[in-house]
$ cat run-v5.pdb   # PDB, C-alpha atoms
MODEL        1
ATOM      1  CA  MET A   1      71.211 150.549 -32.256  1.00  0.00           C
ATOM      2  CA  LYS A   2      71.342 154.314 -31.772  1.00  0.00           C
ATOM      3  CA  LYS A   3      67.719 154.612 -32.875  1.00  0.00           C
ATOM      4  CA  ILE A   4      66.571 152.107 -30.261  1.00  0.00           C
ATOM      5  CA  SER A   5      68.363 153.888 -27.418  1.00  0.00           C
ATOM      6  CA  PHE A   6      67.046 157.254 -28.637  1.00  0.00           C
ATOM      7  CA  ILE A   7      63.479 155.904 -28.665  1.00  0.00           C
ATOM      8  CA  LEU A   8      63.853 154.498 -25.132  1.00  0.00           C
ATOM      9  CA  ILE A   9      65.196 157.806 -23.834  1.00  0.00           C
ATOM     10  CA  LEU A  10      62.385 159.676 -25.563  1.00  0.00           C
ATOM     11  CA  LEU A  11      59.758 157.383 -24.035  1.00  0.00           C
ATOM     12  CA  GLY A  12      61.248 157.936 -20.595  1.00  0.00           C
ATOM     13  CA  LEU A  13      61.100 161.694 -21.026  1.00  0.00           C
ATOM     14  CA  VAL A  14      57.533 161.631 -22.312  1.00  0.00           C
ATOM     15  CA  SER A  15      56.327 159.538 -19.374  1.00  0.00           C
ATOM     16  CA  ASN A  16      57.895 162.023 -16.927  1.00  0.00           C
ATOM     17  CA  VAL A  17      56.230 164.942 -18.689  1.00  0.00           C
ATOM     18  CA  PHE A  18      52.764 163.529 -18.012  1.00  0.00           C
ATOM     19  CA  ALA A  19      53.534 162.610 -14.389  1.00  0.00           C
ATOM     20  CA  SER A  20      52.714 165.067 -11.635  1.00  0.00           C
ATOM     21  CA  ARG A  21      55.076 165.958  -8.821  1.00  0.00           C
ATOM     22  CA  TYR A  22      53.900 165.253  -5.297  1.00  0.00           C
ATOM     23  CA  ILE A  23      55.571 166.354  -2.077  1.00  0.00           C
ATOM     24  CA  CYS A  24      55.030 163.666   0.544  1.00  0.00           C
ATOM     25  CA  TYR A  25      55.425 163.983   4.314  1.00  0.00           C
ATOM     26  CA  ARG A  26      55.660 161.156   6.840  1.00  0.00           C
ATOM     27  CA  TYR A  27      53.632 161.047  10.029  1.00  0.00           C
ATOM     28  CA  VAL A  28      54.428 159.241  13.279  1.00  0.00           C
ATOM     29  CA  ASN A  29      51.903 159.199  16.145  1.00  0.00           C
ATOM     30  CA  GLY A  30      49.655 161.548  14.181  1.00  0.00           C
ATOM     31  CA  LYS A  31      52.289 164.291  13.859  1.00  0.00           C
ATOM     32  CA  PRO A  32      54.433 165.308  10.877  1.00  0.00           C
ATOM     33  CA  THR A  33      58.085 164.515  11.490  1.00  0.00           C
ATOM     34  CA  GLY A  34      59.693 167.087   9.208  1.00  0.00           C
ATOM     35  CA  GLY A  35      61.344 166.527   5.879  1.00  0.00           C
ATOM     36  CA  PHE A  36      59.707 165.297   2.704  1.00  0.00           C
ATOM     37  CA  VAL A  37      60.270 163.235  -0.434  1.00  0.00           C
ATOM     38  CA  LYS A  38      59.366 164.170  -3.999  1.00  0.00           C
ATOM     39  CA  ILE A  39      57.463 161.576  -5.985  1.00  0.00           C
ATOM     40  CA  TYR A  40      56.564 161.771  -9.670  1.00  0.00           C
ATOM     41  CA  THR A  41      53.472 159.789 -10.633  1.00  0.00           C
ATOM     42  CA  ASP A  42      50.032 160.229 -12.146  1.00  0.00           C
ATOM     43  CA  SER A  43      47.876 160.007  -8.986  1.00  0.00           C
ATOM     44  CA  GLN A  44      47.993 160.931  -5.321  1.00  0.00           C
ATOM     45  CA  SER A  45      47.262 157.401  -4.129  1.00  0.00           C
ATOM     46  CA  LYS A  46      50.203 156.024  -6.123  1.00  0.00           C
ATOM     47  CA  ALA A  47      52.414 158.793  -4.752  1.00  0.00           C
ATOM     48  CA  GLU A  48      51.491 157.869  -1.186  1.00  0.00           C
ATOM     49  CA  LYS A  49      52.265 154.195  -1.814  1.00  0.00           C
ATOM     50  CA  LYS A  50      55.626 155.010  -3.412  1.00  0.00           C
ATOM     51  CA  ALA A  51      56.539 157.449  -0.635  1.00  0.00           C
ATOM     52  CA  LEU A  52      55.681 154.887   2.046  1.00  0.00           C
ATOM     53  CA  GLU A  53      57.912 152.325   0.324  1.00  0.00           C
ATOM     54  CA  LYS A  54      60.703 154.880  -0.024  1.00  0.00           C
ATOM     55  CA  TYR A  55      60.590 155.855   3.654  1.00  0.00           C
ATOM     56  CA  LYS A  56      60.621 152.197   4.707  1.00  0.00           C
ATOM     57  CA  ASP A  57      63.564 151.485   2.389  1.00  0.00           C
ATOM     58  CA  LEU A  58      65.419 154.394   4.025  1.00  0.00           C
ATOM     59  CA  GLY A  59      64.742 152.858   7.442  1.00  0.00           C
ATOM     60  CA  TYR A  60      62.412 155.546   8.823  1.00  0.00           C
ATOM     61  CA  THR A  61      59.516 154.841  11.173  1.00  0.00           C
ATOM     62  CA  VAL A  62      56.253 155.702   9.406  1.00  0.00           C
ATOM     63  CA  ASP A  63      52.623 155.400  10.447  1.00  0.00           C
ATOM     64  CA  TYR A  64      51.240 156.985   7.285  1.00  0.00           C
ATOM     65  CA  VAL A  65      52.124 159.397   4.494  1.00  0.00           C
ATOM     66  CA  LYS A  66      50.286 162.407   3.079  1.00  0.00           C
ATOM     67  CA  CYS A  67      51.074 163.843  -0.339  1.00  0.00           C
ATOM     68  CA  LYS A  68      50.151 167.202  -1.828  1.00  0.00           C
TER      69      LYS A  68
ENDMDL
END
$ encode --input "run-v5.pdb" --output "structure tokens"
Amino acid sequence: MKKISFILILLGLVSNVFASRYICYRYVNGKPTGGFVKIYTDSQSKAEKKALEKYKDLGYTVDYVKCK
């Protein structure tokens, strides 16, 4: 049982090592609103989708998101 949990933890760490960190900002009416979220994923388009979902889950108004 310990081996299985160790393998799962190791797989989680390895997947985070290959993911890139993106800083994502929300825009309302074409202007940045301040603040940001950090997203770890392998592409910018996925980061923007995740950030948009995260902002909506937090209850913020969002027109679009840009990630760098």
$ atom_distance --input "run-v5.pdb" --atom1 "atom CA of A:Asp42" --atom2 "atom CA of A:Arg21"
8.3 Å
$ atom_distance --input "run-v5.pdb" --atom1 "atom CA of A:Ser20" --atom2 "atom CA of A:Gln44"
8.9 Å
$ resolve_selection --input "run-v5.pdb" --expression "the PyMOL selection byres ((chain A and resi 23) around 12)" --output "list in words"
Ser20, Arg21, Tyr22, Cys24, Tyr25, Arg26, Gly35, Phe36, Val37, Lys38, Ile39, Tyr40, Thr41, Gln44, Ala47, Glu48, Lys50, Ala51, Val65, Lys66, Cys67 and Lys68 of chain A
$ atom_distance --input "run-v5.pdb" --atom1 "atom CA of A:Tyr27" --atom2 "atom CA of A:Leu58"
14.8 Å
